[in-house]
Amino acid sequence: MGGLTTVVLALSLAGGLFTQWIQFALGLAGSTVPAALFLWLVFGVNLTVWFLIGLVRAGDDGARSLARRRRIAAARQPSAVTGASRIRQRAVPATGAERTSGAPRVPTPTLGYARGSAPGGTGGDDVHTPSTALALARAAGDVGLGHSPAVDDTRAAPADTRAERRTPAAAGPDEADAAPARIAVVIPAHNEEPVIGAAVRSALRLFHRWDIYVVSDSSRDATADIAADTGVNVLELLTNRGKAGALEAVISEFDLVNNYDAVVILDADTELDEHYLQGVRRQMEDPRVAAVAGLVVAEWKPWERTLLGRLISAYRDRLYVMLQYLMRFGQTWRHTSTTFIVPGFASAYRTRVLREVDINPKGLVIEDFNMTFEVHRRRLGRISMAPNARAVCQDPFTLGDYVRQVRRWTLGFWQTVRLHGIWPSLFWFALLCYLVEVMFVSVVLLSAAALAVFTALPLVVGDVVLEVGAYASVYESVTAVLPLPVLLVGLLVPDYVLTCVLAALRRRPSYLIYGLFFLPLRLIDSYLILRTLPQAWRARSDGRWNSPGRKAARL
């Protein structure tokens, strides 16, 4: 089916279904409460409010972008100016402190490399620096081999790093130290043999290999060897510390907070868009930005997935679009900054921020919620997100992996809320509104599904069930208010309309089929949100991880 045909079909289906649904809802006897209830279950108050704020932000961003282009065009206009003014438009050779992450950085050969084999690292004295293509260093404690790439000052800089950076002389007074000059990439990995090679190659398109650091968290497969073969820095941990512990170790071993201005954190299955680095730099031109949240795009390779795997991937794609464009885009406006998550799949933090946050507190199963809360609570700056910093990630291939991943995410979220508590702020006001709604929606959604199953029993087992007195009494009361057709139409149609819109945006007609079966996944999400809430106050986690099943990626 062609792209245009898909768009026309999906939008026609969405418009027709929604029109029929509205007419159906208004035609119900009694009040219009059920119609409002079902609309709320799909769209929600929070989603609607942040979507409207996002529209305002889009207008504001457009106006600022236009003004920026006009300033740049005006600066490029030839004019008779003094020599002092012309200096501002000449390229200024970068000093050691100003060089970009793409400028060749040649480590001075020395027998004094610290733990992790990086110049400027901090560590013990058990050091080996053989004169091979790969410098190796044995770290103290439970840290294994740290691999550092051979010196190569002839390699051309990646495209994004060759662009001229604004120097302090050319920047405005508030921007002189804003855009990060030196950016490191950290990729923590645990048994990620199928995907680590593609993740590193993706990063190599934008960064030099000596600015990329892979930390293998006690992997039992070839994760570290594959990464080392690409020539990037590799640190092996001999005991499983978890992702947060691995991040803490690699930042410390290579002294990244003192050697770089910003650190990009990637998952081992993340593949960066070619404009990702440019997008991060553009957002960090604002000196108030402490962290940049990447925009996640669900990998869509249906030929590599089972039918259930395609369903999961399509469902996640819709979820990402809703949460990012309809909610997080408004939450990361320069006047709001209330998002509660900088996703760890592709995030960027200024190193001055990493000095202040506690990356690895005890008792948490994941790190990204905690790091985001730390930024807000310590008032380290605002969080930014824009569509110009995109990256692709793999979603679970099986239902078991999907449930384990969602459980880990929701448990980590509630653990972070428990750890940080409440403090007066716009962030917590927005978070409280979200928490109240997401819990209430989860309860109502599960209850509505249970009522639908309850009222459908006579259709499945026959009228014999109506002979049970207790069941017949409750059945009569429920169907008087919410008969089965109302429950089914109310739950399924508004939800499916959203899928039709996404099918048009993505030009994927298969979404029109998969969207018919998204409701069970929503029910699983709702159940896990409620199930992990009490667990967050009882369970203590050590952060150790087991990655979902992966498929080898090819760039």
# chains A, B, ... in the order shown; residues from 1 in each chain; ligands from 1

call {"tool": "select_by_dssp", "arguments": {"residues": "segment 150-374 of chain A", "states": "alpha helix (DSSP H)", "output": "PyMOL selection string"}}
result
chain A and resi 159-162+193-204+223-229+242-253+256-259+276-283+307-323+329-331+351-354+368-374

call {"tool": "residues_around", "arguments": {"residues": "Val49 of chain A", "least_positions_apart": "3", "cutoff": "12 Å", "atoms": "only C-alpha atoms", "output": "PDB file with N, CA, C and O atoms, in the first residue's frame"}}
result
ATOM      1  N   PHE A  43      -7.128  10.191  26.458  1.00  0.00           N
ATOM      2  CA  PHE A  43      -6.321  11.402  26.290  1.00  0.00           C
ATOM      3  C   PHE A  43      -5.782  11.937  27.614  1.00  0.00           C
ATOM      4  O   PHE A  43      -4.623  12.314  27.699  1.00  0.00           O
ATOM      5  N   GLY A  44      -6.602  11.971  28.638  1.00  0.00           N
ATOM      6  CA  GLY A  44      -6.155  12.447  29.934  1.00  0.00           C
ATOM      7  C   GLY A  44      -6.051  13.961  30.007  1.00  0.00           C
ATOM      8  O   GLY A  44      -5.813  14.633  29.005  1.00  0.00           O
ATOM      9  N   VAL A  45      -6.202  14.484  31.226  1.00  0.00           N
ATOM     10  CA  VAL A  45      -6.102  15.924  31.441  1.00  0.00           C
ATOM     11  C   VAL A  45      -4.657  16.386  31.267  1.00  0.00           C
ATOM     12  O   VAL A  45      -4.381  17.400  30.626  1.00  0.00           O
ATOM     13  N   ASN A  46      -3.715  15.619  31.840  1.00  0.00           N
ATOM     14  CA  ASN A  46      -2.311  16.006  31.738  1.00  0.00           C
ATOM     15  C   ASN A  46      -1.857  16.080  30.289  1.00  0.00           C
ATOM     16  O   ASN A  46      -1.194  17.039  29.877  1.00  0.00           O
ATOM     17  N   LEU A  52      -1.383  21.502  24.811  1.00  0.00           N
ATOM     18  CA  LEU A  52      -1.667  22.913  24.549  1.00  0.00           C
ATOM     19  C   LEU A  52      -0.456  23.790  24.859  1.00  0.00           C
ATOM     20  O   LEU A  52      -0.132  24.725  24.118  1.00  0.00           O
ATOM     21  N   ILE A  53       0.237  23.477  25.956  1.00  0.00           N
ATOM     22  CA  ILE A  53       1.464  24.217  26.272  1.00  0.00           C
ATOM     23  C   ILE A  53       2.518  23.974  25.192  1.00  0.00           C
ATOM     24  O   ILE A  53       3.262  24.892  24.810  1.00  0.00           O
ATOM     25  N   GLY A  54       2.557  22.748  24.673  1.00  0.00           N
ATOM     26  CA  GLY A  54       3.488  22.440  23.598  1.00  0.00           C
ATOM     27  C   GLY A  54       3.219  23.253  22.346  1.00  0.00           C
ATOM     28  O   GLY A  54       4.159  23.646  21.631  1.00  0.00           O
ATOM     29  N   LEU A  55       1.947  23.515  22.056  1.00  0.00           N
ATOM     30  CA  LEU A  55       1.616  24.357  20.908  1.00  0.00           C
ATOM     31  C   LEU A  55       2.154  25.773  21.102  1.00  0.00           C
ATOM     32  O   LEU A  55       2.680  26.390  20.161  1.00  0.00           O
ATOM     33  N   VAL A  56       2.024  26.280  22.327  1.00  0.00           N
ATOM     34  CA  VAL A  56       2.572  27.604  22.621  1.00  0.00           C
ATOM     35  C   VAL A  56       4.091  27.588  22.462  1.00  0.00           C
ATOM     36  O   VAL A  56       4.691  28.512  21.897  1.00  0.00           O
ATOM     37  N   LEU A 326       3.229  14.993  22.668  1.00  0.00           N
ATOM     38  CA  LEU A 326       2.033  15.551  23.290  1.00  0.00           C
ATOM     39  C   LEU A 326       2.245  15.945  24.741  1.00  0.00           C
ATOM     40  O   LEU A 326       1.447  16.698  25.294  1.00  0.00           O
ATOM     41  N   MET A 327       3.311  15.444  25.374  1.00  0.00           N
ATOM     42  CA  MET A 327       3.506  15.725  26.793  1.00  0.00           C
ATOM     43  C   MET A 327       4.885  16.314  27.086  1.00  0.00           C
ATOM     44  O   MET A 327       5.012  17.442  27.546  1.00  0.00           O
ATOM     45  N   ARG A 328       5.950  15.560  26.799  1.00  0.00           N
ATOM     46  CA  ARG A 328       7.289  16.002  27.194  1.00  0.00           C
ATOM     47  C   ARG A 328       7.735  17.244  26.439  1.00  0.00           C
ATOM     48  O   ARG A 328       8.523  18.045  26.960  1.00  0.00           O
ATOM     49  N   PHE A 329       7.253  17.440  25.222  1.00  0.00           N
ATOM     50  CA  PHE A 329       7.627  18.638  24.469  1.00  0.00           C
ATOM     51  C   PHE A 329       7.183  19.891  25.212  1.00  0.00           C
ATOM     52  O   PHE A 329       7.927  20.877  25.299  1.00  0.00           O
ATOM     53  N   GLY A 330       5.976  19.883  25.765  1.00  0.00           N
ATOM     54  CA  GLY A 330       5.515  21.019  26.562  1.00  0.00           C
ATOM     55  C   GLY A 330       6.221  21.106  27.899  1.00  0.00           C
ATOM     56  O   GLY A 330       6.497  22.200  28.405  1.00  0.00           O
ATOM     57  N   GLN A 331       6.548  19.954  28.491  1.00  0.00           N
ATOM     58  CA  GLN A 331       7.208  19.942  29.799  1.00  0.00           C
ATOM     59  C   GLN A 331       8.641  20.446  29.745  1.00  0.00           C
ATOM     60  O   GLN A 331       9.190  20.835  30.782  1.00  0.00           O
ATOM     61  N   ALA A 430       3.490  19.546  38.982  1.00  0.00           N
ATOM     62  CA  ALA A 430       3.186  18.842  37.739  1.00  0.00           C
ATOM     63  C   ALA A 430       3.255  17.334  37.941  1.00  0.00           C
ATOM     64  O   ALA A 430       2.429  16.583  37.409  1.00  0.00           O
ATOM     65  N   CYS A 433       0.149  16.051  39.818  1.00  0.00           N
ATOM     66  CA  CYS A 433      -1.010  15.963  38.919  1.00  0.00           C
ATOM     67  C   CYS A 433      -0.919  14.715  38.046  1.00  0.00           C
ATOM     68  O   CYS A 433      -1.916  14.014  37.820  1.00  0.00           O
ATOM     69  N   TYR A 434       0.290  14.410  37.580  1.00  0.00           N
ATOM     70  CA  TYR A 434       0.486  13.212  36.754  1.00  0.00           C
ATOM     71  C   TYR A 434       0.254  11.946  37.567  1.00  0.00           C
ATOM     72  O   TYR A 434      -0.411  11.005  37.100  1.00  0.00           O
TER      73      TYR A 434
END

call {"tool": "closest_atom_pairs", "arguments": {"of": "segment 210-252 of chain A", "to": "segment 523-545 of chain A", "cutoff": "12 Å", "atoms": "only C-alpha atoms", "output": "JSON lines"}}
result
{"residue": "A:Asp217", "atom": "CA", "partner": "A:Arg544", "partner_atom": "CA", "distance": 9.2}
{"residue": "A:Ser218", "atom": "CA", "partner": "A:Arg544", "partner_atom": "CA", "distance": 10.3}
{"residue": "A:Ser219", "atom": "CA", "partner": "A:Trp545", "partner_atom": "CA", "distance": 10.8}
{"residue": "A:Thr239", "atom": "CA", "partner": "A:Arg544", "partner_atom": "CA", "distance": 10.0}
{"residue": "A:Asn240", "atom": "CA", "partner": "A:Arg544", "partner_atom": "CA", "distance": 6.4}
{"residue": "A:Arg241", "atom": "CA", "partner": "A:Arg544", "partner_atom": "CA", "distance": 5.9}
{"residue": "A:Gly242", "atom": "CA", "partner": "A:Arg544", "partner_atom": "CA", "distance": 3.9}
{"residue": "A:Lys243", "atom": "CA", "partner": "A:Gly543", "partner_atom": "CA", "distance": 6.7}
{"residue": "A:Ala244", "atom": "CA", "partner": "A:Gly543", "partner_atom": "CA", "distance": 7.0}
{"residue": "A:Gly245", "atom": "CA", "partner": "A:Gly543", "partner_atom": "CA", "distance": 7.7}
{"residue": "A:Ala246", "atom": "CA", "partner": "A:Arg544", "partner_atom": "CA", "distance": 9.9}
{"residue": "A:Leu247", "atom": "CA", "partner": "A:Gly543", "partner_atom": "CA", "distance": 11.6}

call {"tool": "residues_around", "arguments": {"residues": "segment 4-15 of chain A", "least_positions_apart": "4", "cutoff": "7 Å", "atoms": "only C-alpha atoms", "output": "list of chain:residue names"}}
result
A:Thr19, A:Val497, A:Cys500, A:Val501, A:Ala503, A:Ala504, A:Arg507, A:Arg508, A:Pro509

call {"tool": "select_by_dssp", "arguments": {"residues": "segment 205-273 of chain A", "states": "strand (DSSP E or B)", "output": "NGL selection string"}}
result
:A and (212-217 or 233-237 or 262-266 or 271-272)

call {"tool": "closest_atom_pairs", "arguments": {"of": "segment 271-341 of chain A", "to": "segment 372-386 of chain A", "cutoff": "12 Å", "atoms": "only C-alpha atoms", "output": "tab-separated table"}}
result
residue	atom	partner	partner_atom	distance
A:His275	CA	A:Ala386	CA	11.8
A:Tyr276	CA	A:Ala386	CA	10.3
A:Gln278	CA	A:Ala386	CA	11.5
A:Gly279	CA	A:Ala386	CA	7.7
A:Val280	CA	A:Ala386	CA	8.8
A:Arg281	CA	A:Ser384	CA	11.3
A:Arg282	CA	A:Ala386	CA	9.8
A:Gln283	CA	A:Ser384	CA	6.8
A:Met284	CA	A:Ser384	CA	8.3
A:Glu285	CA	A:Ser384	CA	11.0
A:Asp286	CA	A:Ser384	CA	9.5
A:Pro287	CA	A:Gly381	CA	8.4
A:Arg288	CA	A:Gly381	CA	5.2
A:Val289	CA	A:Arg382	CA	4.8
A:Ala290	CA	A:Gly381	CA	4.7
A:Ala291	CA	A:Ile383	CA	5.1
A:Val292	CA	A:Ser384	CA	4.8
A:Ala293	CA	A:Met385	CA	5.0
A:Gly294	CA	A:Met385	CA	6.4
A:Leu295	CA	A:Ala386	CA	7.0
A:Val296	CA	A:Met385	CA	10.7
A:Gln324	CA	A:Met385	CA	8.8
A:Tyr325	CA	A:Ala386	CA	9.2
A:Met327	CA	A:Met385	CA	11.1
A:Arg328	CA	A:Met385	CA	7.6
A:Phe329	CA	A:Met385	CA	6.6
A:Gly330	CA	A:Met385	CA	9.3
A:Gln331	CA	A:Ser384	CA	8.8
A:Thr332	CA	A:Ser384	CA	5.1
A:Trp333	CA	A:Ser384	CA	7.0
A:Arg334	CA	A:Arg382	CA	7.4
A:His335	CA	A:Arg382	CA	9.2
A:Thr336	CA	A:Arg382	CA	8.5
A:Ser337	CA	A:Arg382	CA	5.6
A:Thr338	CA	A:Ile383	CA	7.9
A:Thr339	CA	A:Ile383	CA	7.4
A:Phe340	CA	A:Thr372	CA	6.2
A:Ile341	CA	A:Thr372	CA	5.6

call {"tool": "closest_residue", "arguments": {"among": "A:Arg506, A:Arg220, A:Arg182, A:Arg350", "to": "Val297 of chain A", "atoms": "only C-alpha atoms"}}
result
A:Arg506

call {"tool": "atom_distance", "arguments": {"atom1": "atom CA of Gly309 of chain A", "atom2": "atom CA of Phe397 of chain A"}}
result
4.6 Å

call {"tool": "atom_distance", "arguments": {"atom1": "atom CA of Gly515 of chain A", "atom2": "atom CA of Tyr315 of chain A"}}
result
7.4 Å

call {"tool": "residues_around", "arguments": {"residues": "segment 412-418 of chain A", "least_positions_apart": "5", "cutoff": "7 Å", "atoms": "only C-alpha atoms", "output": "list in words"}}
result
Leu364, Val365, Ile366, Phe369, Asn370, Leu533 and Ala536 of chain A

call {"tool": "closest_atom_pairs", "arguments": {"of": "segment 365-434 of chain A", "to": "segment 185-209 of chain A", "cutoff": "10 Å", "atoms": "only C-alpha atoms", "output": "tab-separated table"}}
result
residue	atom	partner	partner_atom	distance
A:Ala391	CA	A:Ser202	CA	9.8
A:Val392	CA	A:Ala199	CA	10.0
A:Cys393	CA	A:Ala199	CA	9.6
A:Gln394	CA	A:Val195	CA	9.4

call {"tool": "write_last_selection", "arguments": {"atoms": "C-alpha atoms", "output": "PDB file, in the first residue's frame"}}
result
ATOM      1  CA  ALA A 391      17.987   8.179  18.326  1.00  0.00           C
ATOM      2  CA  VAL A 392      16.613   4.728  17.562  1.00  0.00           C
ATOM      3  CA  CYS A 393      16.333   1.921  20.106  1.00  0.00           C
ATOM      4  CA  GLN A 394      15.159  -1.691  20.129  1.00  0.00           C
TER       5      GLN A 394
END

call {"tool": "atom_distance", "arguments": {"atom1": "atom CA of Leu399 of chain A", "atom2": "atom CA of Val461 of chain A"}}
result
28.4 Å
